[in-house]
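Participant: Quick one: the structure is below, and I'll ask about it shortly.
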Amino acid sequence: MKFFKKAKTTISTFFRSSINRIKKLYQKYREIIVYIIVGLMTTAVSYGIRLGVIYGFSPILGIDLADEGGRAAILRTVAVTIGWVAGVIFAFFTNKSWVFQDKVSGKRAVLIQFGEFTLSRLFTYFVELGLGVGVPALLTAIGYKPFKIILTFDADLIATGISVVLVTILNYILSKLLVFRKKQS
């Protein structure tokens, strides 16, 4: 009986200690953890719309995505742009309130801040556009053939994967340093 009582106490202590460590880590890295979660949500909005436009409209419009340019490039440009606009609007409000816990208020001040946010995201839009149009064109030009491992890794999916990583890092840096910077007291 003593063995079980000791085991119960040891397990209970271990879990309490583990939970306390997790809480401390969360408090220390809260902003980055929440940014990653919000970033995943923003990515789902932006890239979901982007890929939905590409794969939804290419068959309707009779566009062959394996073409190196022309109509496929125009569709990709439109898809990246629509996804980007939706992502920027979603990201501004979630980053402002959840990630950076920004306290700027008032219609004019928030509009100015939204303008700064949009300008910072405009830079990464062009990075994303270059990758979203350039990578598929390059891969098609060199004869890349899609392959399947659960998903079909076509040129658009590869471009999206590269873009997600690079744009996420750039957006965090720009948001932290330029838009939601803490004001010096």
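Naming scheme: A, B, ... for chains in displayed order of the structure tokens; residues 1 onward per chain; ligands 1 onward as shown.
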Which residues in segment 7-184 of chain A does DSSP call strand (DSSP E or B)? List them as a list in words.
Facilitator: Phe147, Lys148, Ile149, Leu151, Thr152 and Phe153 of chain A
Participant: I want to know what sits within 9 Å of Ala72 of chain A, based on only C-alpha atoms, with residues of the same chain fewer than 4 positions away left out; could you give that as a PyMOL selection string?
Facilitator: chain A and resi 54+58+63-68+76-77+133
Participant: Just the helix (DSSP H, G or I) stuff from chain A, please, per backbone DSSP, written as JSON, numbers by chain.
Facilitator: {"A": [2, 3, 4, 5, 6, 7, 8, 9, 10, 11, 12, 13, 14, 15, 16, 17, 18, 19, 20, 21, 22, 23, 24, 25, 26, 27, 28, 29, 30, 31, 32, 33, 34, 35, 36, 37, 38, 39, 40, 41, 42, 43, 44, 45, 46, 47, 48, 49, 50, 51, 52, 53, 54, 55, 56, 57, 58, 59, 60, 61, 71, 72, 73, 74, 75, 76, 77, 78, 79, 80, 81, 82, 83, 84, 85, 86, 87, 88, 89, 90, 91, 92, 93, 94, 95, 96, 97, 98, 99, 107, 108, 109, 110, 111, 112, 113, 114, 115, 116, 117, 118, 119, 120, 121, 122, 123, 124, 125, 126, 127, 128, 129, 130, 131, 132, 133, 134, 135, 136, 137, 138, 139, 140, 141, 155, 156, 157, 158, 159, 160, 161, 162, 163, 164, 165, 166, 167, 168, 169, 170, 171, 172, 173, 174, 175, 176, 177, 178, 179]}
Participant: Write out as JSON lines a residue-level contact list of segment 8-52 of chain A versus segment 173-181 of chain A with cut-off 12 Å: for each qualifying residue the closest pair of atoms and the distance in Å to one decimal, counting only C-alpha atoms, rows sorted by chain and residue number upward.
Facilitator:
{"residue": "A:Glu31", "atom": "CA", "partner": "A:Lys176", "partner_atom": "CA", "distance": 10.0}
{"residue": "A:Ile32", "atom": "CA", "partner": "A:Lys176", "partner_atom": "CA", "distance": 10.5}
{"residue": "A:Tyr35", "atom": "CA", "partner": "A:Ser175", "partner_atom": "CA", "distance": 10.5}
Participant: Counting only C-alpha atoms, figure out which residue out of A:Ala141, A:Ala44, A:Val104, A:Ile74 gets nearest to Phe90 of chain A.
Facilitator: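 Closest to Phe90 of chain A of all the choices is A:Ala44.
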Participant: Pick out the closest residue to Val78 of chain A from this set: A:Ile37, A:Met1, A:Leu129, A:Leu170. Count only C-alpha atoms.
Facilitator: A:Leu129
Participant: Which residue, A:Ile36, A:Leu25, A:Val80, A:Lys2, has the smallest gap to Gly52 of chain A when you use only C-alpha atoms?
Facilitator: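 Closest to Gly52 of chain A, using only C-alpha atoms: A:Val80.
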Participant: Counting only C-alpha atoms, what is within 10 Å of Asn171 of chain A, bar same-chain residues fewer than 2 positions away, as a list in words?
Facilitator: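 Surrounding residues, per the criterion: Gly39, Ala91, Phe117, Ser120, Arg121, Phe123, Thr124, Tyr125, Leu166, Val167, Thr168, Ile169, Ile173, Leu174, Ser175, Lys176 and Leu177 of chain A.
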Participant: Go ahead and save the picked residues with C-alpha atoms, as an mmCIF file, in the first residue's frame.
Facilitator:
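Output contents, as saved in out_34.cif:
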data_model
loop_
_atom_site.group_PDB
_atom_site.id
_atom_site.type_symbol
_atom_site.label_atom_id
_atom_site.label_comp_id
_atom_site.auth_asym_id
_atom_site.auth_seq_id
_atom_site.Cartn_x
_atom_site.Cartn_y
_atom_site.Cartn_z
ATOM 1 C CA GLY A 39 -0.058 32.405 -38.721
ATOM 2 C CA ALA A 91 -3.925 38.859 -40.088
ATOM 3 C CA PHE A 117 0.531 46.892 -41.690
ATOM 4 C CA SER A 120 4.682 46.064 -44.653
ATOM 5 C CA ARG A 121 2.690 43.184 -46.122
ATOM 6 C CA PHE A 123 6.644 43.902 -49.572
ATOM 7 C CA THR A 124 5.996 40.248 -48.759
ATOM 8 C CA TYR A 125 3.172 40.206 -51.314
ATOM 9 C CA LEU A 166 9.712 32.612 -46.173
ATOM 10 C CA VAL A 167 6.719 34.959 -45.998
ATOM 11 C CA THR A 168 5.808 33.907 -42.442
ATOM 12 C CA ILE A 169 9.279 34.772 -41.153
ATOM 13 C CA ILE A 173 9.852 40.554 -38.383
ATOM 14 C CA LEU A 174 8.088 43.414 -40.173
ATOM 15 C CA SER A 175 5.062 43.342 -37.834
ATOM 16 C CA LYS A 176 7.191 43.288 -34.692
ATOM 17 C CA LEU A 177 9.683 45.943 -35.766
#
Participant: Measuring atom to atom with only C-alpha atoms, identify which of A:Ser17, A:Thr10, A:Thr43, A:Gln113 is nearest to Gly161 of chain A.
Facilitator: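 Among A:Ser17, A:Thr10, A:Thr43, A:Gln113, it is A:Thr43 that comes nearest to Gly161 of chain A.
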Participant: Could you jot down the atom CA of Val85 of chain A to atom CA of Phe100 of chain A separation for me, Å, one decimal place?
Facilitator: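 Separating atom CA of Val85 of chain A from atom CA of Phe100 of chain A is a distance of 20.7 Å.
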Participant: Considering only C-alpha atoms, can you say which of A:Ile112, A:Ala73, A:Leu151, A:Leu61 comes closest to Val135 of chain A?
Facilitator: A:Ala73
Participant: Could you check how far atom CA of Leu119 of chain A sits from atom CA of Gly56 of chain A, in Å to one decimal?
Facilitator: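 We find that atom CA of Leu119 of chain A and atom CA of Gly56 of chain A lie 29.3 Å from each other.
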